[in-house]
$ cat upload-v2.cif   # mmCIF, C-alpha atoms
data_entry
#
loop_
_atom_site.label_atom_id
_atom_site.label_comp_id
_atom_site.auth_asym_id
_atom_site.auth_seq_id
_atom_site.Cartn_x
_atom_site.Cartn_y
_atom_site.Cartn_z
CA MET A 1 -60.04 100.08 315.42
CA ASP A 2 -60.27 103.43 317.20
CA LEU A 3 -60.97 102.85 320.91
CA SER A 4 -63.94 105.20 321.01
CA MET A 5 -65.47 103.48 317.98
CA TYR A 6 -64.88 100.04 319.56
CA GLY A 7 -66.51 101.09 322.81
CA HIS A 8 -69.41 102.80 321.07
CA ALA A 9 -70.10 99.74 318.92
CA GLN A 10 -70.11 97.44 321.96
CA ASP A 11 -72.36 99.78 323.93
CA GLU A 12 -74.88 100.01 321.11
CA VAL A 13 -74.98 96.24 320.57
CA TRP A 14 -75.40 95.48 324.27
CA LYS A 15 -78.08 98.17 324.68
CA GLN A 16 -80.01 96.63 321.79
CA ILE A 17 -79.72 93.13 323.24
CA ALA A 18 -80.91 94.40 326.63
CA ALA A 19 -83.96 95.90 324.93
CA ASP A 20 -84.60 92.71 322.95
CA ILE A 21 -84.44 90.32 325.93
CA GLY A 22 -85.89 92.60 328.60
CA GLY A 23 -82.60 93.07 330.41
CA GLY A 24 -80.71 96.07 331.72
CA PHE A 25 -77.55 97.77 330.43
CA GLU A 26 -74.94 99.60 332.48
CA GLY A 27 -72.54 101.96 330.73
CA ALA A 28 -68.80 101.40 330.46
CA GLY A 29 -66.09 102.80 332.70
CA LEU A 30 -62.36 103.22 332.11
CA PHE A 31 -61.57 99.61 333.03
CA THR A 32 -64.93 97.98 332.21
CA ALA A 33 -66.70 97.60 328.89
CA GLY A 34 -70.20 97.82 330.30
CA ALA A 35 -72.54 95.23 331.79
CA LEU A 36 -75.68 93.51 330.57
CA ARG A 37 -78.01 91.98 333.17
CA TYR A 38 -80.93 89.65 332.62
CA LYS A 39 -83.30 88.24 335.22
CA SER A 40 -85.66 85.31 334.75
CA GLY A 41 -87.63 84.41 337.85
CA ASP A 42 -85.11 84.58 340.67
CA PHE A 43 -82.11 83.75 338.48
CA GLU A 44 -79.97 86.73 337.48
CA ILE A 45 -77.27 86.54 334.82
CA THR A 46 -74.63 89.24 334.32
CA LEU A 47 -72.51 89.69 331.19
CA LYS A 48 -69.62 92.09 331.76
CA GLY A 49 -66.67 93.25 329.70
CA TYR A 50 -63.26 94.16 331.10
CA GLY A 51 -60.25 96.00 329.75
CA ASP A 52 -58.40 99.30 330.04
CA ARG A 53 -59.85 101.57 327.39
CA SER A 54 -57.00 104.03 327.81
CA VAL A 55 -54.44 101.70 326.21
CA LYS A 56 -53.95 101.06 322.52
CA ASP A 57 -54.28 97.27 322.75
CA PHE A 58 -57.68 97.43 324.47
CA GLY A 59 -59.24 95.11 321.90
CA ALA A 60 -56.48 92.52 322.37
CA SER A 61 -56.39 92.63 326.16
CA ALA A 62 -60.13 92.88 326.83
CA TYR A 63 -62.20 89.92 327.92
CA THR A 64 -65.84 89.09 328.63
CA CYS A 65 -67.35 87.19 331.56
CA MET A 66 -70.83 85.87 332.21
CA ARG A 67 -71.81 84.94 335.77
CA ALA A 68 -74.90 83.65 337.56
CA PRO A 69 -75.08 82.78 341.28
CA PHE A 70 -77.11 79.82 342.51
CA LEU A 71 -77.40 77.60 345.57
CA ASN A 72 -75.36 74.52 344.72
CA LYS A 73 -77.18 71.88 346.74
CA ASP A 74 -75.17 68.90 345.47
CA ARG A 75 -71.84 70.76 345.29
CA LEU A 76 -71.71 69.78 341.63
CA TYR A 77 -68.73 71.28 339.82
CA PHE A 78 -67.87 70.93 336.16
CA LYS A 79 -66.01 72.45 333.22
CA ILE A 80 -67.11 72.13 329.60
CA TYR A 81 -64.94 73.58 326.85
CA ARG A 82 -63.86 73.00 323.29
CA LYS A 83 -60.84 70.81 322.72
CA GLY A 84 -57.74 72.52 321.37
CA ILE A 85 -54.40 71.50 319.95
CA PHE A 86 -53.06 70.60 323.41
CA SER A 87 -56.11 68.67 324.60
CA GLY A 88 -54.70 65.33 323.48
CA LEU A 89 -51.49 65.94 325.41
CA ALA A 90 -53.41 67.10 328.47
CA LYS A 91 -55.50 63.93 328.38
CA ARG A 92 -52.37 61.77 328.13
CA LEU A 93 -50.99 63.62 331.14
CA GLY A 94 -54.06 62.69 333.14
CA THR A 95 -56.53 65.53 332.58
CA GLN A 96 -60.05 64.21 333.07
CA ASP A 97 -62.20 64.00 329.92
CA LEU A 98 -65.61 62.46 330.50
CA THR A 99 -67.74 61.09 327.68
CA ILE A 100 -71.53 61.29 327.46
CA GLY A 101 -72.26 58.88 324.60
CA ASP A 102 -72.66 61.52 321.87
CA ASP A 103 -69.77 60.80 319.48
CA VAL A 104 -69.67 64.30 317.95
CA PHE A 105 -69.88 66.13 321.29
CA ASP A 106 -67.36 63.78 322.92
CA ALA A 107 -64.92 64.34 320.05
CA ASN A 108 -65.10 68.13 320.29
CA TYR A 109 -65.40 68.92 324.00
CA MET A 110 -63.47 68.35 327.20
CA ILE A 111 -65.77 67.57 330.13
CA GLN A 112 -64.55 67.53 333.71
CA SER A 113 -66.66 67.07 336.82
CA ASN A 114 -66.66 65.80 340.39
CA ASN A 115 -69.91 63.91 339.65
CA GLU A 116 -69.96 61.99 336.36
CA GLU A 117 -73.56 60.84 336.67
CA ARG A 118 -74.90 64.34 337.30
CA VAL A 119 -72.99 66.02 334.49
CA ARG A 120 -74.10 63.30 332.04
CA GLN A 121 -77.67 63.87 333.20
CA LEU A 122 -77.24 67.59 332.54
CA LEU A 123 -75.83 67.06 329.05
CA ALA A 124 -78.43 64.45 328.09
CA ASP A 125 -80.60 67.29 326.77
CA PRO A 126 -79.91 67.62 323.00
CA LYS A 127 -81.07 71.26 323.01
CA LEU A 128 -78.43 72.16 325.59
CA ARG A 129 -75.73 70.38 323.59
CA GLU A 130 -76.89 72.27 320.49
CA LEU A 131 -76.58 75.61 322.31
CA LEU A 132 -73.10 74.74 323.58
CA GLU A 133 -72.01 73.66 320.10
CA GLY A 134 -73.21 77.00 318.70
CA GLU A 135 -70.77 78.97 320.88
CA PRO A 136 -67.33 78.92 319.21
CA LYS A 137 -65.59 80.33 322.32
CA ILE A 138 -67.45 78.27 324.90
CA TRP A 139 -65.83 77.62 328.26
CA VAL A 140 -68.50 77.19 330.90
CA GLU A 141 -68.03 75.94 334.43
CA VAL A 142 -69.50 75.86 337.90
CA LYS A 143 -67.05 77.13 340.47
CA PRO A 144 -67.14 78.48 344.03
CA ASP A 145 -68.25 82.09 344.34
CA ASP A 146 -65.13 84.27 344.55
CA GLY A 147 -66.89 87.18 346.24
CA TRP A 148 -67.72 89.02 343.01
CA PHE A 149 -71.41 89.16 343.97
CA GLY A 150 -70.68 90.69 347.38
CA GLN A 151 -71.31 89.29 350.82
CA SER A 152 -75.12 89.19 350.76
CA LEU A 153 -75.51 85.72 349.24
CA PRO A 154 -76.28 82.73 351.48
CA GLU A 155 -73.80 80.01 352.33
CA GLY A 156 -73.58 77.35 349.63
CA THR A 157 -73.84 79.84 346.77
CA ASP A 158 -71.60 79.07 343.80
CA GLU A 159 -71.57 80.49 340.30
CA LEU A 160 -72.10 79.40 336.75
CA TYR A 161 -69.24 81.08 334.89
CA PHE A 162 -68.10 81.80 331.32
CA GLN A 163 -65.09 83.75 330.07
CA CYS A 164 -63.60 84.49 326.66
CA LYS A 165 -61.00 86.82 325.19
CA GLY A 166 -62.27 90.05 323.65
CA VAL A 167 -65.54 91.90 324.19
CA LEU A 168 -68.40 90.01 322.55
CA VAL A 169 -70.41 92.08 320.08
CA ASP A 170 -72.17 89.32 318.09
CA LYS A 171 -75.89 89.59 318.92
CA VAL A 172 -76.71 85.99 318.05
CA LEU A 173 -73.84 84.54 320.09
CA ILE A 174 -74.64 86.71 323.11
CA LYS A 175 -78.35 85.85 323.06
CA ASP A 176 -77.50 82.15 322.67
CA LEU A 177 -75.09 82.45 325.59
CA PHE A 178 -77.89 83.81 327.78
CA ASP A 179 -80.12 80.95 326.58
CA THR A 180 -77.34 78.46 327.41
CA PHE A 181 -76.98 79.82 330.94
CA MET A 182 -80.72 79.83 331.55
CA MET A 183 -81.06 76.26 330.31
CA ILE A 184 -78.20 75.05 332.52
CA LEU A 185 -79.66 76.80 335.58
CA GLN A 186 -83.13 75.42 334.85
CA LYS A 187 -81.76 71.91 334.30
CA LEU A 188 -79.88 72.07 337.61
CA ALA A 189 -83.13 73.07 339.32
CA GLN A 190 -85.02 70.23 337.61
CA MET A 191 -82.30 67.81 338.72
CA ASP A 192 -82.77 69.06 342.29
CA SER A 193 -79.12 70.14 342.28
CA GLY A 194 -79.27 73.93 342.12
CA TYR A 195 -81.62 76.72 343.12
CA THR A 196 -81.77 80.48 342.89
CA SER A 197 -79.58 82.27 345.38
CA GLY A 198 -82.70 83.57 347.09
CA SER A 199 -84.25 80.13 347.58
CA ASN A 200 -84.45 78.48 350.97
CA THR A 201 -85.38 75.11 349.48
#

$ encode --input "upload-v2.cif" --output "structure tokens"
Amino acid sequence: MDLSMYGHAQDEVWKQIAADIGGGFEGAGLFTAGALRYKSGDFEITLKGYGDRSVKDFGASAYTCMRAPFLNKDRLYFKIYRKGIFSGLAKRLGTQDLTIGDDVFDANYMIQSNNEERVRQLLADPKLRELLEGEPKIWVEVKPDDGWFGQSLPEGTDELYFQCKGVLVDKVLIKDLFDTFMMILQKLAQMDSGYTSGSNT
């Protein structure tokens, strides 16, 4: 695909999604494929594409990230991602793979966490599991903030994080990804584990 056509298509899709969900769109640069921001209450989620548009393999080398900062009261960390062809080997080599009691979900996803009880509580919601199952490229985790949000966030702020290869242009998948993030953030707040980065609770 011609690079200008690829970039134009992504920009148009993300602009439309921003209008549909009440978010904001920032145009692309040479090394970024634009950004889509959505705020609900004090939670802010950013979807951003990366890749050098000046090279011919932009589509192959590009990737998409979604990030949302929050105060991680319980220091709960986890990774949830689809199992692949090497997952069985990884498990035999000692990679953690928690189960939650849902046979289908347990068969298809690797779950790792430093707090088994909390992550099972999070995934007890069937609607959240349904949203995760609807994302073919899902890899979502909570990890320490790497400074991407700047230095203005309070101590104890971590991030909910997603990354996949390519720049996402599927409207349904992107909207569902925002819904997935919002549900996880809201569940963490309900569990008294996580708060907005502006909260002093």

$ residues_near_point --input "upload-v2.cif" --point "(-78.8, 77.6, 324.2)" --cutoff "6 Å" --atoms "only C-alpha atoms" --output "JSON list (two decimals) with C-alpha atoms, keeping the file's coordinate frame"
[["chain", "number", "residue", "atom", "x", "y", "z"],
["A", 128, "LEU", "CA", -78.43, 72.16, 325.59],
["A", 131, "LEU", "CA", -76.58, 75.61, 322.31],
["A", 176, "ASP", "CA", -77.50, 82.15, 322.67],
["A", 179, "ASP", "CA", -80.12, 80.95, 326.58],
["A", 180, "THR", "CA", -77.34, 78.46, 327.41]]

$ closest_residue --input "upload-v2.cif" --among "A:Pro126, A:Gly23, A:Pro144, A:Gly166" --to "Ile100 in chain A" --atoms "all atoms listed in the file"
A:Pro126

$ closest_residue --input "upload-v2.cif" --among "A:Glu12, A:Asp103, A:Asp146, A:Asp20" --to "Tyr38 in chain A" --atoms "all atoms listed in the file"
A:Asp20

$ atom_distance --input "upload-v2.cif" --atom1 "CA of Met110 in chain A" --atom2 "CA of Ala189 in chain A"
23.6 Å

$ atom_distance --input "upload-v2.cif" --atom1 "CA of Ile184 in chain A" --atom2 "CA of Ile21 in chain A"
17.8 Å

$ resolve_selection --input "upload-v2.cif" --expression "the PyMOL selection byres ((chain A and resi 14) around 9)" --output "list of chain:residue names"
A:Ala9, A:Gln10, A:Asp11, A:Glu12, A:Val13, A:Lys15, A:Gln16, A:Ile17, A:Ala18, A:Ala19, A:Phe25, A:Gly34, A:Ala35, A:Leu36, A:Val169, A:Lys171, A:Ile174

$ resolve_selection --input "upload-v2.cif" --expression "the PyMOL selection byres ((chain A and resi 138) around 9)" --output "ChimeraX atom specification"
/A:80-82,132-137,139-140,162-164,177

$ closest_residue --input "upload-v2.cif" --among "A:Leu173, A:Cys65, A:Leu123, A:Val142" --to "Arg37 in chain A" --atoms "all atoms listed in the file"
A:Cys65

$ resolve_selection --input "upload-v2.cif" --expression "the PyMOL selection byres ((chain A and resi 101) around 12)" --output "PyMOL selection string"
chain A and resi 98-100+102-107+120-121+123-124+126

$ atom_distance --input "upload-v2.cif" --atom1 "CA of Asn115 in chain A" --atom2 "CA of Glu44 in chain A"
25.0 Å

$ closest_residue --input "upload-v2.cif" --among "A:Arg75, A:Val167, A:Leu122, A:Glu159" --to "Gly49 in chain A" --atoms "only C-alpha atoms"
A:Val167

$ residues_around --input "upload-v2.cif" --residues "Gln186 in chain A" --least-positions-apart "5" --cutoff "12 Å" --atoms "only C-alpha atoms" --output "PyMOL selection string"
chain A and resi 40-43+68+70+122+125+128+160+179-181+191-196

$ residues_around --input "upload-v2.cif" --residues "Lys143 in chain A" --least-positions-apart "4" --cutoff "10 Å" --atoms "only C-alpha atoms" --output "PDB file with C-alpha atoms, keeping the file's coordinate frame"
ATOM      1  CA  PRO A  69     -75.080  82.780 341.280  1.00  0.00           C
ATOM      2  CA  ASN A  72     -75.360  74.520 344.720  1.00  0.00           C
ATOM      3  CA  ARG A  75     -71.840  70.760 345.290  1.00  0.00           C
ATOM      4  CA  LEU A  76     -71.710  69.780 341.630  1.00  0.00           C
ATOM      5  CA  TYR A  77     -68.730  71.280 339.820  1.00  0.00           C
ATOM      6  CA  PHE A  78     -67.870  70.930 336.160  1.00  0.00           C
ATOM      7  CA  LYS A  79     -66.010  72.450 333.220  1.00  0.00           C
ATOM      8  CA  THR A 157     -73.840  79.840 346.770  1.00  0.00           C
ATOM      9  CA  ASP A 158     -71.600  79.070 343.800  1.00  0.00           C
ATOM     10  CA  GLU A 159     -71.570  80.490 340.300  1.00  0.00           C
ATOM     11  CA  LEU A 160     -72.100  79.400 336.750  1.00  0.00           C
ATOM     12  CA  TYR A 161     -69.240  81.080 334.890  1.00  0.00           C
TER      13      TYR A 161
END
